[in-house]
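Beneath this line is the structure, given in structure tokens, with notes to follow.
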Amino acid sequence: MNPYVVPGLVLVVLVTVGIGAYGLRFARTTSDFLVASRSVSPSWNAAAISGEYLSAASFLGVAGLILRYGVDVLWYPVGFAAGYLALLLFVAAPLRRSGAFTLPDFCQVRLRSTTLRRLASVFVVFIGCLYLVPQLQGAGLTFTTVTGGSYVWGALLVGVVVTANVALGGMRAITFVQAFQYWLKLTALAVPVIFLVLQWQSDGRPSVTPPAGAVFPAATAVVIEQDAVVDGEPVQKGQELHYDQGDPVPTVSTVDAHFGTDWLLPGGDRSLFATYSLILATFLGTMGLPHVLVRFYTNPDGASARRTTLVVLALVGLFYLLPTLYGVLGRVYTPQLLMTGRTDAVVLTLPEAALGGGHLGRLLGALVTAGALAAFLSTSSGLLTSVAGVVFTDVLHAGRTGSVRDFRVATLLAAIVPVTLSLYVSGMDVSRVVGLAFAVAASSFCPLLVLGIWWRRLTDVGAAAGILIGGGAAMAAVLITVLGPPLSGWPAQLIGQPAAWTVPLAFLVMIVGSLLTGRRVPHDVGATMLRLHAPESLRI
């Protein structure tokens with residue numbers, strides 16, 4: 001085992017707890033815990049948003065997808081980053097001017113409906129927990145991979161640290177924590193990649209997709225994860241295969257991956273419909289993620305919210321350049337991952353595989369592992385804060401006059417379910433669950449926010465129907481993909497990538513439902529819309 005990994009992980013946890021304790025000095029009121037008293041500057045808020053947004057799916061998953069599928073999956077980082085452009089154009093400033101603390105608060109302010117508020121609360125808790133479970137699961141799997149320890153201890157470690165930080169310091173404390181963790185994650189990927197590129201240059205720039213096929217860069221032993229056929233020969237689960245340096249990398253029947261020109265060219269076996277559906281889900285899903293939206297309530301005013309979003313676009317775009325390089329270099333130095341299917345581990349294993357088992361390779365391996373832990377901690381903190389805020393205001397009914405003690409109780413209640421679930425789902429497909437969260441968010445809260453901010457004729461009945469039908473359809477589609485039988489043809493495309501039809505469906509149902517119930521438009525809609533769109537300098 002790498003001797004630098006455990007000290008690195010301990011250091012990240014201690015610094016996280018220390019920064020959280022420092023933030024506790026400034027957290028005194030309920031507003032501090034919910035929205036940091038709306039006093040976070042654009043630069044701090046942008047770093048914090050970037051820190052919580054760049055989750056395990058970004059830190060580990062994007063590199064793994066590129067290693068496996070190549071150019072075809074570059075739409076993932078593009079969509080994840082471009083989602084903030086939609087936020088900047090349509091949502092950021094009006095959402096801040098609404099004066100809301102949470103998404104259900106916005107529903108109450110805009111449409112004056114307690115029923116819609118309760119429905120929004122259910123979706124916030126569902127999406128938050130759905131997104132939080134794979135973060136904790138990823139922490140457990142990373143802990144097992146790099147230390148050989150128990151999966152349970154890894155998941156519990158992140159769960160306890162995050163719950164303590166949020167409960168003790170709320171939004172005020174985790175703002176400092178998440179800002180620090182963004183720069184840690186960026187450093188954890190940027191520093192090793194410099195040495196990796198230099199090593200690739202030193203090795204004579206080996207081709208990523210050589211004409212004769214990928215070869216092993218060194219003698220390698222591969223343990224097959226499940227019964228499979230390897231280059232036409234049946235192999236049993238647990239069997240260890242040995243390959244010498246220069247041996248061709250065989251194909252494994254149970255691992256789906258692209259090779260040769262298929263890896264270099266877009267399209268592949270993905271239809272144009274599926275590509276556009278993926279773009280739509282990632283581009284609009286960001287707009288509907290509760291833990292991202294809640295950070296815009298912390299800005300002093302709408303102009304600050306817009307400036308924050310511009311900085312986030314730059315920070316997130318800079319970060320996503322790095323996982324792409326890890327995925328590309330992984331084709332050269334860690335081709336064995338294409339046999340086991342554990343391509344998400346390329347970021348963790350690449351430094352030692354390319355640079356050797358000396359001090360440099362191990363130190364850089366420990367650094368990227370520390371960055372992975374920061375990814376779990378920062379995203380989990382944001383998710384737990386958003387869910388705890390809804391539990392505080394809509395389950396405990398503490399409201400804006402509730403006490404700090406009530407918020408801490410809400411945090412504990414919000415953490416119990418996802419932490420418990422994470423202990424029993426070690427085999428869950430993380431990328432599919434994260435995709436479900438994006439699809440549900442894009443098909444529920446995105447239409448609600450866009451129409452609620454820009455269309456004065458939206459009604460509570462139309463909004464509720466759109467959330468139920470659009471979000472429910474997306475949820476059903478992805479659950480069928482994950483739990484149902486294999487599909488083929490167009491049904492597989494429609495169900496496997498549902499955003500291209502569930503998002504328009506949600507918009508259509510909201511518009512038609514609102515037109516049919518026009519009498520339910522709030523009587524003060526004019527004043528509300530003026531409040532959302534008028535500059536703060538007018539003091540309306």
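Convention: chains lettered A, B, ... in structure tokens order; per-chain residue numbering from 1; ligands numbered from 1 as shown.
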Could you pull out the strand (DSSP E or B) residues of region 163-243 of chain A, going by DSSP on the backbone, and write them as a JSON list (two decimals) with all heavy atoms, in the first residue's frame?
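And here's states_39.json as it stands now:
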[["chain", "number", "residue", "atom", "x", "y", "z"],
["A", 215, "VAL", "N", -1.17, -1.98, -26.27],
["A", 215, "VAL", "CA", -0.29, -2.99, -25.69],
["A", 215, "VAL", "C", 0.00, -2.61, -24.23],
["A", 215, "VAL", "O", -0.15, -1.47, -23.83],
["A", 215, "VAL", "CB", 1.05, -3.09, -26.46],
["A", 215, "VAL", "CG1", 0.81, -3.54, -27.89],
["A", 215, "VAL", "CG2", 1.79, -1.76, -26.44],
["A", 220, "THR", "N", 2.12, -7.15, -16.48],
["A", 220, "THR", "CA", 0.89, -6.83, -15.75],
["A", 220, "THR", "C", 0.12, -8.10, -15.42],
["A", 220, "THR", "O", 0.04, -9.01, -16.24],
["A", 220, "THR", "CB", -0.01, -5.90, -16.60],
["A", 220, "THR", "OG1", 0.74, -4.75, -17.00],
["A", 220, "THR", "CG2", -1.23, -5.45, -15.80],
["A", 221, "ALA", "N", -0.42, -8.13, -14.20],
["A", 221, "ALA", "CA", -1.33, -9.21, -13.79],
["A", 221, "ALA", "C", -2.74, -8.62, -13.67],
["A", 221, "ALA", "O", -2.92, -7.58, -13.03],
["A", 221, "ALA", "CB", -0.89, -9.81, -12.47],
["A", 222, "VAL", "N", -3.72, -9.25, -14.29],
["A", 222, "VAL", "CA", -5.10, -8.75, -14.30],
["A", 222, "VAL", "C", -6.00, -9.82, -13.70],
["A", 222, "VAL", "O", -5.98, -10.98, -14.14],
["A", 222, "VAL", "CB", -5.55, -8.41, -15.73],
["A", 222, "VAL", "CG1", -6.98, -7.90, -15.72],
["A", 222, "VAL", "CG2", -4.61, -7.40, -16.36],
["A", 223, "VAL", "N", -6.80, -9.41, -12.70],
["A", 223, "VAL", "CA", -7.78, -10.32, -12.09],
["A", 223, "VAL", "C", -9.14, -10.03, -12.73],
["A", 223, "VAL", "O", -9.65, -8.91, -12.65],
["A", 223, "VAL", "CB", -7.86, -10.13, -10.56],
["A", 223, "VAL", "CG1", -8.93, -11.05, -9.98],
["A", 223, "VAL", "CG2", -6.50, -10.42, -9.93],
["A", 228, "ALA", "N", -16.26, -14.30, -18.05],
["A", 228, "ALA", "CA", -16.23, -13.57, -19.31],
["A", 228, "ALA", "C", -15.51, -14.39, -20.37],
["A", 228, "ALA", "O", -14.96, -15.47, -20.10],
["A", 228, "ALA", "CB", -15.51, -12.22, -19.12],
["A", 229, "VAL", "N", -15.52, -13.87, -21.58],
["A", 229, "VAL", "CA", -14.77, -14.44, -22.69],
["A", 229, "VAL", "C", -13.68, -13.44, -23.06],
["A", 229, "VAL", "O", -13.97, -12.28, -23.40],
["A", 229, "VAL", "CB", -15.67, -14.71, -23.91],
["A", 229, "VAL", "CG1", -14.84, -15.22, -25.08],
["A", 229, "VAL", "CG2", -16.76, -15.71, -23.55],
["A", 230, "VAL", "N", -12.41, -13.86, -22.96],
["A", 230, "VAL", "CA", -11.26, -12.99, -23.23],
["A", 230, "VAL", "C", -10.61, -13.46, -24.52],
["A", 230, "VAL", "O", -10.02, -14.56, -24.56],
["A", 230, "VAL", "CB", -10.26, -13.01, -22.06],
["A", 230, "VAL", "CG1", -9.06, -12.12, -22.37],
["A", 230, "VAL", "CG2", -10.92, -12.56, -20.77],
["A", 233, "GLU", "N", -11.56, -16.92, -25.49],
["A", 233, "GLU", "CA", -11.36, -17.98, -24.50],
["A", 233, "GLU", "C", -12.19, -17.70, -23.25],
["A", 233, "GLU", "O", -12.10, -16.61, -22.68],
["A", 233, "GLU", "CB", -9.88, -18.09, -24.12],
["A", 233, "GLU", "CG", -8.97, -18.47, -25.27],
["A", 233, "GLU", "CD", -9.21, -19.90, -25.74],
["A", 233, "GLU", "OE1", -9.63, -20.73, -24.89],
["A", 233, "GLU", "OE2", -8.99, -20.19, -26.93],
["A", 234, "PRO", "N", -12.98, -18.68, -22.77],
["A", 234, "PRO", "CA", -13.76, -18.45, -21.54],
["A", 234, "PRO", "C", -12.84, -18.36, -20.31],
["A", 234, "PRO", "O", -11.89, -19.13, -20.16],
["A", 234, "PRO", "CB", -14.67, -19.68, -21.46],
["A", 234, "PRO", "CG", -13.97, -20.73, -22.28],
["A", 234, "PRO", "CD", -13.22, -20.01, -23.36],
["A", 235, "VAL", "N", -13.13, -17.38, -19.45],
["A", 235, "VAL", "CA", -12.36, -17.15, -18.23],
["A", 235, "VAL", "C", -13.32, -17.01, -17.07],
["A", 235, "VAL", "O", -14.37, -16.37, -17.19],
["A", 235, "VAL", "CB", -11.49, -15.87, -18.36],
["A", 235, "VAL", "CG1", -10.73, -15.60, -17.06],
["A", 235, "VAL", "CG2", -10.51, -16.00, -19.51],
["A", 240, "GLU", "N", -6.61, -15.02, -12.50],
["A", 240, "GLU", "CA", -5.56, -14.02, -12.73],
["A", 240, "GLU", "C", -4.83, -14.33, -14.03],
["A", 240, "GLU", "O", -4.34, -15.44, -14.22],
["A", 240, "GLU", "CB", -4.58, -14.00, -11.55],
["A", 240, "GLU", "CG", -3.55, -12.89, -11.64],
["A", 240, "GLU", "CD", -2.70, -12.78, -10.38],
["A", 240, "GLU", "OE1", -3.11, -12.04, -9.46],
["A", 240, "GLU", "OE2", -1.66, -13.47, -10.31],
["A", 241, "LEU", "N", -4.77, -13.33, -14.89],
["A", 241, "LEU", "CA", -4.10, -13.47, -16.18],
["A", 241, "LEU", "C", -2.83, -12.63, -16.17],
["A", 241, "LEU", "O", -2.82, -11.51, -15.64],
["A", 241, "LEU", "CB", -5.02, -13.01, -17.31],
["A", 241, "LEU", "CG", -6.39, -13.69, -17.40],
["A", 241, "LEU", "CD1", -7.21, -13.10, -18.54],
["A", 241, "LEU", "CD2", -6.24, -15.19, -17.56],
["A", 242, "HIS", "N", -1.76, -13.14, -16.75],
["A", 242, "HIS", "CA", -0.47, -12.46, -16.74],
["A", 242, "HIS", "C", -0.07, -12.10, -18.17],
["A", 242, "HIS", "O", -0.20, -12.90, -19.10],
["A", 242, "HIS", "CB", 0.60, -13.35, -16.10],
["A", 242, "HIS", "CG", 0.35, -13.63, -14.66],
["A", 242, "HIS", "ND1", 0.84, -12.83, -13.65],
["A", 242, "HIS", "CD2", -0.35, -14.63, -14.05],
["A", 242, "HIS", "CE1", 0.44, -13.32, -12.47],
["A", 242, "HIS", "NE2", -0.28, -14.41, -12.69],
["A", 243, "TYR", "N", 0.44, -10.87, -18.32],
["A", 243, "TYR", "CA", 0.85, -10.38, -19.62],
["A", 243, "TYR", "C", 2.24, -9.74, -19.50],
["A", 243, "TYR", "O", 2.56, -9.09, -18.50],
["A", 243, "TYR", "CB", -0.15, -9.35, -20.16],
["A", 243, "TYR", "CG", -1.54, -9.91, -20.34],
["A", 243, "TYR", "CD1", -2.49, -9.81, -19.33],
["A", 243, "TYR", "CD2", -1.89, -10.56, -21.52],
["A", 243, "TYR", "CE1", -3.76, -10.34, -19.48],
["A", 243, "TYR", "CE2", -3.16, -11.09, -21.69],
["A", 243, "TYR", "CZ", -4.09, -10.97, -20.67],
["A", 243, "TYR", "OH", -5.35, -11.51, -20.83]]
All residues 9 Å or closer to region 52-56 of chain A, only C-alpha atoms, same chain fewer than 5 positions away omitted, as a PyMOL selection string: chain A and resi 47+61+134-135+138-139+178-179+181-182+185+291-292+316+319+372-383
Report as a tab-separated table: every residue of region 339-453 of chain A with an atom at most 8 Å from region 91-104 of chain A, its closest pair of atoms, and their distance in Å to one decimal, counting only C-alpha atoms, with rows sorted by chain and ascending residue number.
residue	atom	partner	partner_atom	distance
A:Ser386	CA	A:Thr102	CA	7.5
A:Gly389	CA	A:Thr102	CA	6.9
A:Val390	CA	A:Thr102	CA	6.6
A:Leu449	CA	A:Val91	CA	7.0
A:Val450	CA	A:Val91	CA	7.0
A:Ile453	CA	A:Pro94	CA	6.9
Exercise: region 441-445 of chain A partners within 9 Å, only C-alpha atoms, chain neighbours under 6 positions left out, as a VMD selection string: chain A and resid 103 120 123 127 280 to 290 463 466 to 474 499 502 to 507
Separation of CA of Val509 (chain A) from CA of Leu487 (chain A) in Å: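 CA of Leu487 (chain A) sits 27.4 Å away from CA of Val509 (chain A).
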